[in-house]
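Containing CSV, C-alpha atoms: upload_14.csv.
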```csv
chain,number,residue,atom,x,y,z
A,1,MET,CA,0.0,-52.8,27.6
A,2,LEU,CA,2.1,-55.8,26.7
A,3,PHE,CA,3.9,-55.6,30.1
A,4,ILE,CA,0.6,-55.5,32.0
A,5,ILE,CA,-0.7,-58.5,30.0
A,6,LEU,CA,2.4,-60.5,30.7
A,7,THR,CA,2.1,-59.6,34.4
A,8,ALA,CA,-1.5,-60.7,34.5
A,9,VAL,CA,-0.8,-64.0,32.7
A,10,PHE,CA,2.4,-65.0,34.5
A,11,GLY,CA,1.9,-63.3,37.8
A,12,PRO,CA,1.4,-65.2,41.1
A,13,ASP,CA,-2.2,-64.1,41.3
A,14,ARG,CA,-4.7,-64.1,38.5
A,15,LYS,CA,-7.9,-63.3,40.4
A,16,PRO,CA,-10.4,-60.8,39.0
A,17,VAL,CA,-9.4,-58.0,41.4
A,18,THR,CA,-5.8,-58.4,40.3
A,19,ILE,CA,-6.8,-58.3,36.7
A,20,PHE,CA,-9.0,-55.3,37.3
A,21,CYS,CA,-6.2,-53.3,39.1
A,22,LEU,CA,-3.7,-54.1,36.4
A,23,SER,CA,-6.1,-53.2,33.6
A,24,GLY,CA,-7.0,-50.0,35.4
A,25,LEU,CA,-3.3,-49.1,35.6
A,26,ALA,CA,-2.8,-49.8,31.9
A,27,LEU,CA,-5.8,-47.7,30.9
A,28,VAL,CA,-4.7,-44.7,33.0
A,29,GLN,CA,-1.1,-45.0,31.7
A,30,ILE,CA,-2.3,-45.1,28.1
A,31,ALA,CA,-4.9,-42.4,28.4
A,32,GLU,CA,-2.7,-39.9,30.3
A,33,PRO,CA,-0.7,-38.5,27.3
A,34,ARG,CA,-3.8,-38.7,25.0
A,35,VAL,CA,-6.5,-37.1,27.0
A,36,SER,CA,-5.9,-33.3,27.1
A,37,TRP,CA,-7.1,-32.8,30.7
A,38,LEU,CA,-5.0,-35.7,32.0
A,39,ALA,CA,-2.0,-34.1,30.2
A,40,SER,CA,-2.4,-30.9,32.3
A,41,ARG,CA,-0.7,-30.4,35.6
A,42,TRP,CA,-3.8,-31.1,37.7
A,43,GLY,CA,-4.8,-33.9,35.5
A,44,SER,CA,-1.3,-35.5,36.0
A,45,VAL,CA,-1.8,-35.1,39.8
A,46,ALA,CA,-5.2,-36.8,39.5
A,47,ALA,CA,-3.8,-39.6,37.4
A,48,LEU,CA,-1.0,-40.1,40.0
A,49,ALA,CA,-3.5,-40.4,42.8
A,50,LEU,CA,-5.6,-42.9,40.8
A,51,LYS,CA,-2.6,-45.0,40.0
A,52,LEU,CA,-1.4,-45.0,43.7
A,53,GLY,CA,-5.0,-46.0,44.7
A,54,LEU,CA,-5.0,-48.9,42.3
A,55,CYS,CA,-1.6,-50.0,43.4
A,56,TYR,CA,-2.7,-49.9,47.0
A,57,VAL,CA,-5.7,-52.1,46.3
A,58,LEU,CA,-3.6,-54.5,44.3
A,59,ILE,CA,-0.8,-54.9,46.9
A,60,GLY,CA,-3.3,-55.1,49.8
A,61,TYR,CA,-5.3,-57.8,48.0
A,62,THR,CA,-2.3,-59.9,47.1
A,63,GLY,CA,-0.5,-60.1,50.4
A,64,ALA,CA,0.0,-56.6,51.7
A,65,ILE,CA,3.5,-56.1,53.0
A,66,VAL,CA,4.7,-59.4,51.6
A,67,SER,CA,3.0,-59.0,48.2
A,68,SER,CA,5.0,-59.9,45.2
A,69,TYR,CA,3.4,-56.9,43.4
A,70,TYR,CA,5.2,-54.3,45.6
A,71,TRP,CA,7.2,-53.2,42.5
A,72,ILE,CA,4.0,-52.1,40.8
A,73,LEU,CA,4.4,-48.8,42.7
A,74,LEU,CA,7.3,-48.1,40.3
A,75,ILE,CA,4.7,-47.3,37.6
A,76,PRO,CA,3.4,-44.1,39.3
A,77,VAL,CA,6.9,-43.2,40.5
A,78,ILE,CA,8.4,-43.4,37.0
A,79,SER,CA,5.5,-41.5,35.5
A,80,ALA,CA,5.9,-38.7,38.1
A,81,ALA,CA,9.6,-38.6,37.5
A,82,MET,CA,9.1,-38.1,33.8
A,83,LEU,CA,6.3,-35.5,34.2
A,84,PHE,CA,7.3,-33.4,37.2
A,85,GLY,CA,10.4,-31.7,38.4
A,86,PRO,CA,12.6,-32.8,41.3
A,87,ILE,CA,10.1,-31.6,44.0
A,88,GLY,CA,7.2,-33.4,42.3
A,89,THR,CA,9.3,-36.5,41.9
A,90,LEU,CA,10.3,-36.4,45.6
A,91,VAL,CA,6.6,-36.0,46.7
A,92,ALA,CA,5.5,-38.8,44.4
A,93,THR,CA,8.3,-41.1,45.7
A,94,ALA,CA,7.4,-40.3,49.3
A,95,LEU,CA,3.8,-41.1,48.7
A,96,ALA,CA,4.7,-44.4,47.1
A,97,CYS,CA,6.9,-45.4,50.1
A,98,ALA,CA,4.1,-44.3,52.4
A,99,VAL,CA,1.6,-46.5,50.5
A,100,TYR,CA,3.8,-49.5,50.9
A,101,LEU,CA,4.7,-48.8,54.5
A,102,SER,CA,1.1,-48.3,55.4
A,103,PHE,CA,0.6,-52.1,55.3
A,104,VAL,CA,2.8,-52.4,58.4
A,105,LEU,CA,-0.1,-50.8,60.4
A,106,PHE,CA,-2.3,-53.8,59.5
A,107,LEU,CA,0.0,-56.4,60.9
A,108,THR,CA,-1.5,-58.3,63.8
A,109,PRO,CA,0.2,-58.1,67.2
A,110,ASP,CA,1.5,-61.6,67.0
A,111,VAL,CA,3.4,-60.9,63.7
A,112,TYR,CA,7.0,-59.9,64.2
A,113,ILE,CA,9.4,-58.5,61.6
A,114,ASP,CA,12.9,-59.7,62.3
A,115,ALA,CA,16.2,-58.1,61.3
A,116,GLU,CA,16.5,-59.9,57.9
A,117,GLN,CA,13.0,-58.9,57.0
A,118,LYS,CA,13.6,-55.3,57.9
A,119,LYS,CA,16.7,-55.3,55.6
A,120,GLU,CA,14.5,-56.7,52.8
A,121,LEU,CA,11.9,-54.0,53.5
A,122,ALA,CA,14.5,-51.3,53.4
A,123,LEU,CA,15.9,-52.6,50.1
A,124,ARG,CA,12.4,-52.6,48.6
A,125,LEU,CA,11.9,-49.0,49.7
A,126,LEU,CA,15.3,-47.9,48.3
A,127,ASN,CA,14.2,-49.0,44.9
A,128,PHE,CA,11.7,-46.2,44.7
A,129,PRO,CA,13.9,-43.2,45.2
A,130,LEU,CA,16.7,-44.7,43.1
A,131,VAL,CA,14.5,-45.4,40.1
A,132,ALA,CA,12.8,-42.0,40.6
A,133,TYR,CA,16.1,-40.1,40.7
A,134,LEU,CA,17.5,-41.8,37.6
A,135,THR,CA,14.3,-41.4,35.6
A,136,ASN,CA,14.0,-37.8,36.5
A,137,ARG,CA,17.6,-37.1,35.5
A,138,LEU,CA,17.1,-38.8,32.2
A,139,ALA,CA,13.8,-37.0,31.6
A,140,GLU,CA,15.4,-33.6,32.4
A,141,ALA,CA,18.2,-34.4,30.1
A,142,ASN,CA,15.7,-35.2,27.3
A,143,ARG,CA,13.8,-31.9,28.1
A,144,VAL,CA,17.0,-29.9,27.9
A,145,ALA,CA,18.0,-31.6,24.6
A,146,ALA,CA,14.4,-31.0,23.2
A,147,ARG,CA,14.6,-27.3,24.2
A,148,ARG,CA,18.0,-27.0,22.6
A,149,HIS,CA,16.8,-28.6,19.4
A,150,GLN,CA,13.7,-26.4,19.4
A,151,VAL,CA,15.9,-23.2,19.8
A,152,THR,CA,18.2,-24.5,17.0
A,153,ALA,CA,15.1,-25.2,14.8
A,154,GLU,CA,13.8,-21.7,15.4
A,155,GLN,CA,17.2,-20.2,14.6
A,156,LEU,CA,17.4,-22.2,11.4
A,157,SER,CA,13.9,-21.1,10.5
A,158,GLU,CA,14.7,-17.5,11.1
A,159,ALA,CA,17.9,-17.8,9.1
A,160,ASN,CA,16.0,-19.5,6.3
A,161,ARG,CA,13.5,-16.7,6.3
A,162,HIS,CA,16.2,-14.0,6.1
A,163,LEU,CA,17.9,-16.0,3.3
A,164,GLN,CA,14.6,-16.1,1.4
A,165,GLU,CA,14.2,-12.4,1.9
A,166,ALA,CA,17.7,-11.7,0.7
A,167,GLU,CA,17.2,-13.9,-2.3
A,168,ALA,CA,14.0,-12.1,-3.2
A,169,ALA,CA,15.8,-8.8,-2.8
A,170,VAL,CA,18.6,-9.9,-5.1
A,171,ARG,CA,16.1,-11.1,-7.7
A,172,ARG,CA,14.3,-7.8,-7.4
A,173,SER,CA,17.5,-5.9,-7.8
A,174,GLU,CA,18.5,-7.9,-10.9
A,175,ARG,CA,15.1,-7.3,-12.4
A,176,LEU,CA,15.3,-3.6,-11.6
A,177,ALA,CA,18.8,-3.3,-13.2
A,178,ALA,CA,17.7,-5.1,-16.4
A,179,LEU,CA,14.5,-3.2,-16.7
A,180,GLY,CA,16.3,0.0,-15.9
A,181,GLN,CA,18.7,-0.5,-18.8
A,182,LEU,CA,15.8,-1.4,-21.1
A,183,SER,CA,13.8,1.6,-20.0
A,184,ALA,CA,16.7,4.0,-20.5
A,185,GLY,CA,17.4,2.7,-24.0
A,186,LEU,CA,13.8,2.7,-25.0
A,187,ALA,CA,13.2,6.2,-23.5
A,188,HIS,CA,16.1,7.7,-25.4
A,189,GLU,CA,14.9,6.1,-28.6
A,190,LEU,CA,11.4,7.5,-28.2
A,191,ARG,CA,12.4,11.1,-27.3
A,192,ASN,CA,13.6,12.1,-30.8
A,193,PRO,CA,10.5,10.9,-32.8
A,194,LEU,CA,8.2,12.3,-30.1
A,195,GLY,CA,9.9,15.7,-30.4
A,196,THR,CA,9.4,15.6,-34.2
A,197,ILE,CA,5.8,14.6,-33.8
A,198,LYS,CA,5.1,17.4,-31.4
A,199,THR,CA,6.8,20.0,-33.6
A,200,SER,CA,4.9,18.8,-36.6
A,201,ALA,CA,1.6,18.9,-34.7
A,202,GLU,CA,2.3,22.5,-33.5
A,203,LEU,CA,3.2,23.6,-37.1
A,204,LEU,CA,0.0,21.9,-38.4
A,205,GLU,CA,-2.1,23.7,-35.8
A,206,ARG,CA,-0.6,27.1,-36.7
A,207,ASN,CA,-0.9,26.6,-40.4
A,208,VAL,CA,-4.3,25.0,-40.7
A,209,VAL,CA,-7.2,27.3,-41.7
A,210,SER,CA,-9.4,28.3,-38.8
A,211,GLU,CA,-12.5,26.9,-40.6
A,212,ASN,CA,-11.0,23.4,-40.5
A,213,GLU,CA,-12.1,22.5,-36.9
A,214,VAL,CA,-11.4,18.8,-37.4
A,215,ALA,CA,-7.8,19.3,-38.4
A,216,ARG,CA,-7.2,21.8,-35.6
A,217,GLU,CA,-8.8,19.4,-33.0
A,218,MET,CA,-6.7,16.5,-34.3
A,219,ALA,CA,-3.5,18.6,-34.1
A,220,GLU,CA,-4.3,19.5,-30.4
A,221,PHE,CA,-5.1,15.9,-29.7
A,222,ILE,CA,-1.7,14.8,-31.2
A,223,SER,CA,0.1,17.5,-29.1
A,224,SER,CA,-1.6,16.5,-25.9
A,225,GLU,CA,-0.9,12.8,-26.4
A,226,VAL,CA,2.8,13.5,-27.2
A,227,ASP,CA,3.0,15.5,-23.9
A,228,ARG,CA,1.5,12.5,-22.0
A,229,THR,CA,3.9,10.1,-23.7
A,230,ASN,CA,6.8,12.5,-22.9
A,231,THR,CA,5.8,12.4,-19.2
A,232,LEU,CA,5.7,8.6,-19.3
A,233,VAL,CA,9.2,8.6,-20.9
A,234,SER,CA,10.4,10.9,-18.2
A,235,ARG,CA,9.2,8.5,-15.6
A,236,PHE,CA,11.0,5.7,-17.3
A,237,LEU,CA,14.2,7.8,-17.3
A,238,ASP,CA,13.8,8.6,-13.6
A,239,PHE,CA,13.4,4.9,-12.9
A,240,ALA,CA,16.5,4.0,-15.0
A,241,ARG,CA,18.7,6.9,-13.8
A,242,PRO,CA,21.1,5.9,-11.0
A,243,LEU,CA,20.2,7.4,-7.7
A,244,ALA,CA,22.6,9.9,-6.3
A,245,LEU,CA,21.8,10.3,-2.6
A,246,GLN,CA,22.4,13.7,-1.0
A,247,PRO,CA,21.9,12.9,2.6
A,248,GLU,CA,21.6,15.6,5.3
A,249,ARG,CA,20.6,15.6,8.9
A,250,GLY,CA,16.9,16.2,9.1
A,251,ASP,CA,13.6,15.6,10.8
A,252,ILE,CA,11.8,12.7,9.2
A,253,THR,CA,8.4,14.0,10.4
A,254,GLU,CA,8.9,17.3,8.5
A,255,THR,CA,9.5,15.3,5.3
A,256,ILE,CA,6.4,13.2,6.0
A,257,ASP,CA,4.3,16.4,6.6
A,258,ARG,CA,5.3,17.8,3.3
A,259,ALA,CA,4.3,14.7,1.5
A,260,ALA,CA,1.0,14.5,3.4
A,261,ARG,CA,0.1,18.1,2.6
A,262,ASP,CA,0.8,17.4,-1.1
A,263,VAL,CA,-1.6,14.4,-1.0
A,264,GLU,CA,-4.3,16.3,0.9
A,265,GLN,CA,-4.1,19.3,-1.5
A,266,ARG,CA,-4.1,17.2,-4.6
A,267,LYS,CA,-6.5,18.2,-7.3
A,268,PRO,CA,-9.0,16.8,-7.7
A,269,PRO,CA,-9.3,16.1,-4.0
A,270,LEU,CA,-9.3,12.5,-2.7
A,271,GLU,CA,-11.6,13.3,0.3
A,272,VAL,CA,-9.2,11.5,2.6
A,273,SER,CA,-7.5,13.0,5.6
A,274,VAL,CA,-4.0,12.0,6.9
A,275,TYR,CA,-3.8,11.2,10.7
A,276,ARG,CA,-0.2,11.7,12.0
A,277,ASN,CA,1.0,9.7,15.0
A,278,TYR,CA,4.6,10.7,15.5
A,279,SER,CA,6.9,9.3,18.2
A,280,PRO,CA,8.7,12.2,20.1
A,281,ASP,CA,11.7,9.9,20.6
A,282,ILE,CA,13.0,10.1,17.0
A,283,ARG,CA,16.0,12.5,16.8
A,284,PRO,CA,17.2,14.0,13.5
A,285,PHE,CA,19.3,11.6,11.4
A,286,PHE,CA,20.9,11.6,7.9
A,287,PHE,CA,18.7,10.8,4.9
A,288,ASP,CA,18.0,12.4,1.5
A,289,PRO,CA,14.9,14.6,2.2
A,290,MET,CA,13.8,15.0,-1.4
A,291,LEU,CA,13.9,11.3,-2.2
A,292,MET,CA,12.3,10.3,1.1
A,293,GLU,CA,9.5,12.9,0.4
A,294,ARG,CA,8.9,11.1,-2.9
A,295,VAL,CA,8.7,7.8,-1.0
A,296,PHE,CA,6.1,9.0,1.5
A,297,TYR,CA,4.2,10.9,-1.2
A,298,ASN,CA,3.8,7.7,-3.2
A,299,LEU,CA,2.9,5.6,-0.2
A,300,LEU,CA,0.3,8.1,1.1
A,301,LEU,CA,-1.1,8.6,-2.3
A,302,ASN,CA,-1.6,4.9,-2.8
A,303,ALA,CA,-3.1,4.6,0.6
A,304,ALA,CA,-5.5,7.5,-0.1
A,305,GLU,CA,-6.6,6.1,-3.4
A,306,ALA,CA,-7.2,2.6,-1.8
A,307,SER,CA,-9.2,4.0,1.0
A,308,PRO,CA,-12.9,4.9,0.7
A,309,PRO,CA,-14.0,8.6,0.6
A,310,ARG,CA,-14.2,10.5,3.9
A,311,SER,CA,-11.9,8.0,5.6
A,312,THR,CA,-8.5,8.4,7.3
A,313,VAL,CA,-5.0,7.3,6.3
A,314,THR,CA,-2.7,6.9,9.3
A,315,VAL,CA,1.1,7.5,9.3
A,316,LYS,CA,2.9,6.4,12.4
A,317,THR,CA,6.5,6.5,13.4
A,318,ARG,CA,8.5,4.8,16.1
A,319,GLN,CA,12.2,4.0,16.8
A,320,SER,CA,13.6,0.7,17.9
A,321,GLY,CA,17.3,0.9,18.7
A,322,ASP,CA,19.0,2.5,15.7
A,323,VAL,CA,16.2,1.8,13.3
A,324,VAL,CA,13.3,4.2,12.6
A,325,GLU,CA,10.0,2.6,11.5
A,326,ILE,CA,7.4,4.6,9.5
A,327,ASP,CA,4.0,2.9,8.9
A,328,VAL,CA,1.5,4.0,6.4
A,329,ILE,CA,-1.9,2.4,7.1
A,330,ASP,CA,-5.0,2.6,4.9
A,331,THR,CA,-8.5,1.4,5.4
A,332,GLY,CA,-9.1,0.0,1.9
A,333,ALA,CA,-9.9,-3.5,0.6
A,334,GLY,CA,-6.4,-4.8,1.1
A,335,ILE,CA,-4.1,-6.4,-1.4
A,336,ASP,CA,-4.6,-9.8,-3.1
A,337,PRO,CA,-2.1,-12.2,-1.5
A,338,LYS,CA,-1.2,-13.4,-5.0
A,339,ALA,CA,0.1,-9.8,-5.8
A,340,LEU,CA,2.3,-9.5,-2.7
A,341,GLU,CA,5.3,-11.2,-4.4
A,342,SER,CA,5.2,-8.8,-7.4
A,343,ILE,CA,4.0,-5.6,-5.7
A,344,PHE,CA,7.5,-3.9,-5.8
A,345,ASN,CA,8.3,-5.1,-9.3
A,346,PRO,CA,8.4,-2.4,-12.0
A,347,PHE,CA,5.5,-2.2,-14.4
A,348,PHE,CA,3.3,-4.2,-12.0
A,349,THR,CA,0.1,-2.4,-11.0
A,350,THR,CA,-3.5,-3.3,-10.0
A,351,LYS,CA,-4.8,0.2,-10.9
A,352,SER,CA,-6.7,1.0,-14.1
A,353,HIS,CA,-4.2,3.9,-14.7
A,354,GLY,CA,-0.5,4.2,-14.2
A,355,VAL,CA,2.4,2.1,-15.3
A,356,GLY,CA,3.4,0.5,-12.0
A,357,LEU,CA,6.6,2.3,-11.4
A,358,GLY,CA,5.7,4.1,-8.1
A,359,LEU,CA,6.4,1.3,-5.6
A,360,ALA,CA,9.4,0.1,-7.6
A,361,VAL,CA,11.0,3.5,-7.3
A,362,VAL,CA,10.0,3.6,-3.6
A,363,SER,CA,11.8,0.3,-3.1
A,364,ARG,CA,14.9,1.5,-4.9
A,365,ILE,CA,15.1,4.7,-2.8
A,366,VAL,CA,14.6,2.8,0.5
A,367,ASP,CA,17.3,0.2,-0.6
A,368,GLU,CA,19.7,3.0,-1.4
A,369,HIS,CA,19.3,4.3,2.1
A,370,GLY,CA,20.2,0.9,3.5
A,371,GLY,CA,16.6,0.4,4.7
A,372,LYS,CA,13.8,-2.1,4.0
A,373,ILE,CA,10.2,-1.9,3.1
A,374,THR,CA,7.6,-4.5,3.8
A,375,VAL,CA,3.8,-4.8,3.4
A,376,GLU,CA,1.2,-6.5,5.6
A,377,THR,CA,-2.4,-6.9,4.4
A,378,GLU,CA,-5.6,-8.8,4.9
A,379,PRO,CA,-8.4,-8.9,2.4
A,380,GLY,CA,-11.0,-6.4,3.5
A,381,ALA,CA,-8.9,-5.0,6.3
A,382,GLY,CA,-6.6,-2.6,4.5
A,383,ALA,CA,-2.8,-2.7,4.2
A,384,VAL,CA,0.2,-1.5,6.2
A,385,PHE,CA,3.4,-0.4,4.4
A,386,ARG,CA,6.4,-0.4,6.8
A,387,VAL,CA,9.5,1.5,6.0
A,388,PHE,CA,12.6,0.8,8.1
A,389,LEU,CA,15.4,3.3,7.9
A,390,PRO,CA,18.8,3.2,9.8
A,391,ALA,CA,19.2,6.3,12.0
A,392,ARG,CA,22.5,7.1,10.5
A,393,ASP,CA,24.9,9.3,12.5
A,394,SER,CA,26.8,10.4,9.4
A,395,ALA,CA,26.2,10.8,5.7
A,396,GLU,CA,28.7,8.0,5.0
A,397,ASP,CA,27.1,5.5,7.3
A,398,ARG,CA,25.2,3.0,5.1
A,399,ARG,CA,24.1,0.3,7.5
A,400,THR,CA,21.5,-2.1,6.2
A,401,VAL,CA,18.4,-2.7,8.4
```
In structure tokens, what does this structure look like?
Amino acid sequence: MLFIILTAVFGPDRKPVTIFCLSGLALVQIAEPRVSWLASRWGSVAALALKLGLCYVLIGYTGAIVSSYYWILLIPVISAAMLFGPIGTLVATALACAVYLSFVLFLTPDVYIDAEQKKELALRLLNFPLVAYLTNRLAEANRVAARRHQVTAEQLSEANRHLQEAEAAVRRSERLAALGQLSAGLAHELRNPLGTIKTSAELLERNVVSENEVAREMAEFISSEVDRTNTLVSRFLDFARPLALQPERGDITETIDRAARDVEQRKPPLEVSVYRNYSPDIRPFFFDPMLMERVFYNLLLNAAEASPPRSTVTVKTRQSGDVVEIDVIDTGAGIDPKALESIFNPFFTTKSHGVGLGLAVVSRIVDEHGGKITVETEPGAGAVFRVFLPARDSAEDRRTV
């Protein structure tokens, strides 16, 4: 805008038509990157045509072939060189040269162009392709640099995401190790007094007189609560106990089928069916079938409990390279985004029952297999738990997904 103002003020011609053409060029040049349609390919072509038309009027009004404003054609040439590729730049340059040379057709028969004037005309015309070429090369170099920086930024973003995932996995492992030690110590300390309480309750139940229904009922209640607490202690010990993988070559779909049947036959029934969508491309690979059955049982049970009655839980498998992906998809209300960070932490649960060890154990088992588990969810649209397992060729192969 400053350049156009200075040209209008200090130029050889300050008539209204000149000011109008210069102002029009400035407005088109300023609006081109800001108006969405003008920034498109066809919009850029239209803007180029409009600028060439304004240049034609300006040059024709201020002296035609001898106009001091011939250089104004560099504005559409430079714009085209920055926006288009080599072919577009060549076409725009040819059009600019044609616009300027077209004024030769309006010379009267008595006007003669001598040799010196022809040299001057040739020099003027050579300015257009020279500026267009240099501008296009500079613009292309900037575009290449921008693409390189964008690729670098994307790679850094991906590396940062992997780093955050690794840090989260390390933090989770540290929490699991600490809580595992705490659970093991607490469970062992609870086992002995629980055994004493249960034995005492059984002796009380056998020795109390049959007429004392209250005492007998209380003894039965104590015994049942001790059994429930013992079960909870056993789950703590299972969580704290180091996992000893016993991998063997097996079919992952058979393991999933066993877990699905256990969920469907659970008492009381959950009124949810399991739809199996297995890929035929997955070949047998090494994993611990008992531990992986436990993984899929927990995931399918959670999905069934989250889904409404008479709905369907989907389990889907596919293989990408040497990684097998198993997806468990429910149709429930989804998971609160605030809970996603803690969902695999031990003792975290959103259920009214349970102690929150199921997904923590699932995560441990998958980690021990060198795999990864993720969750995707939207409120009201269910959740998808994805288990990624390396398709190991041998029991000693412990590649991490």
(message) I'd like to know which of A:Ser36, A:Asp330, A:Arg294, A:Asp393 is closest to Val362 of chain A, using all atoms listed in the file.
(response)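 Using all atoms listed in the file, Val362 of chain A sits closest to A:Arg294.
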(message) When you look at Leu73 of chain A with a cut-off of 9 Å (counting all atoms listed in the file), what residues show up, excluding the ones that are within fewer than 6 positions of it in the same chain? I need them as a PyMOL selection string.
(response) chain A and resi 51-52+55-56+96-97+99-100+128
(request) Skip Pro280 of chain A itself and residues of its chain fewer than 3 positions away, then list as a PyMOL selection string all residues within 10 Å of it, counting all atoms listed in the file. (result) chain A and resi 253+277+283+317-319
Residues from last step as file, C-alpha atoms, as a short mmCIF file (atom, residue, chain, number, x, y, z; two decimals), in the frame of the given file:
```cif
data_model
loop_
_atom_site.label_atom_id
_atom_site.label_comp_id
_atom_site.auth_asym_id
_atom_site.auth_seq_id
_atom_site.Cartn_x
_atom_site.Cartn_y
_atom_site.Cartn_z
CA THR A 253 8.40 14.00 10.40
CA ASN A 277 1.00 9.70 15.00
CA ARG A 283 16.00 12.50 16.80
CA THR A 317 6.50 6.50 13.40
CA ARG A 318 8.50 4.80 16.10
CA GLN A 319 12.20 4.00 16.80
#
```
(request) Would you work out the distance separating atom CA of Thr152 of chain A from atom CA of Glu140 of chain A, expressed in Å to one decimal? (result)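 Atom CA of Glu140 of chain A lies at a distance of 18.1 Å from atom CA of Thr152 of chain A.
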(request) Would you mind telling me which residue in A:Thr377, A:Arg206, A:Ile65, A:Gln29 lies nearest to Ile113 of chain A when using only C-alpha atoms? (result)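 Among the listed residues, the smallest separation from Ile113 of chain A belongs to A:Ile65.
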(request) Name all residues at most 8 Å from Pro379 of chain A (count only C-alpha atoms; drop same-chain ones fewer than 6 positions away) and give them as a PyMOL selection string. (result) chain A and resi 333-336
(request) Mind checking which residues fall within 6 Å of Ala259 of chain A, counting only C-alpha atoms, ignoring those fewer than 5 positions away in the same chain, and posting them as JSON, numbers by chain? (result) {"A": [293, 296, 297]}
(request) Name the residues in contact with segment 223-235 of chain A at a cut-off of 8 Å, using all atoms listed in the file, excluding same-chain residues fewer than 6 positions from it; report them as a list of chain:residue names. (result)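 Once the nearby chain positions are removed, what remains is A:Ala187, A:Leu190, A:Arg191, A:Leu194, A:Ile197, A:Lys198, A:Ala201, A:Glu202, A:Leu357.
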(message) Using only C-alpha atoms, can you tell me which of A:Arg258, A:Phe103, A:Thr18, A:Ser23 comes closest to Leu2 of chain A?
(response)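 Looking only at the distances to Leu2 of chain A, the closest residue turns out to be A:Ser23.
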(message) As an exercise, work out the distance from atom CA of Ala49 of chain A to atom CA of Phe3 of chain A in Å and give it to one decimal place.
(response)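 Computing it gives 21.1 Å between the two atoms.
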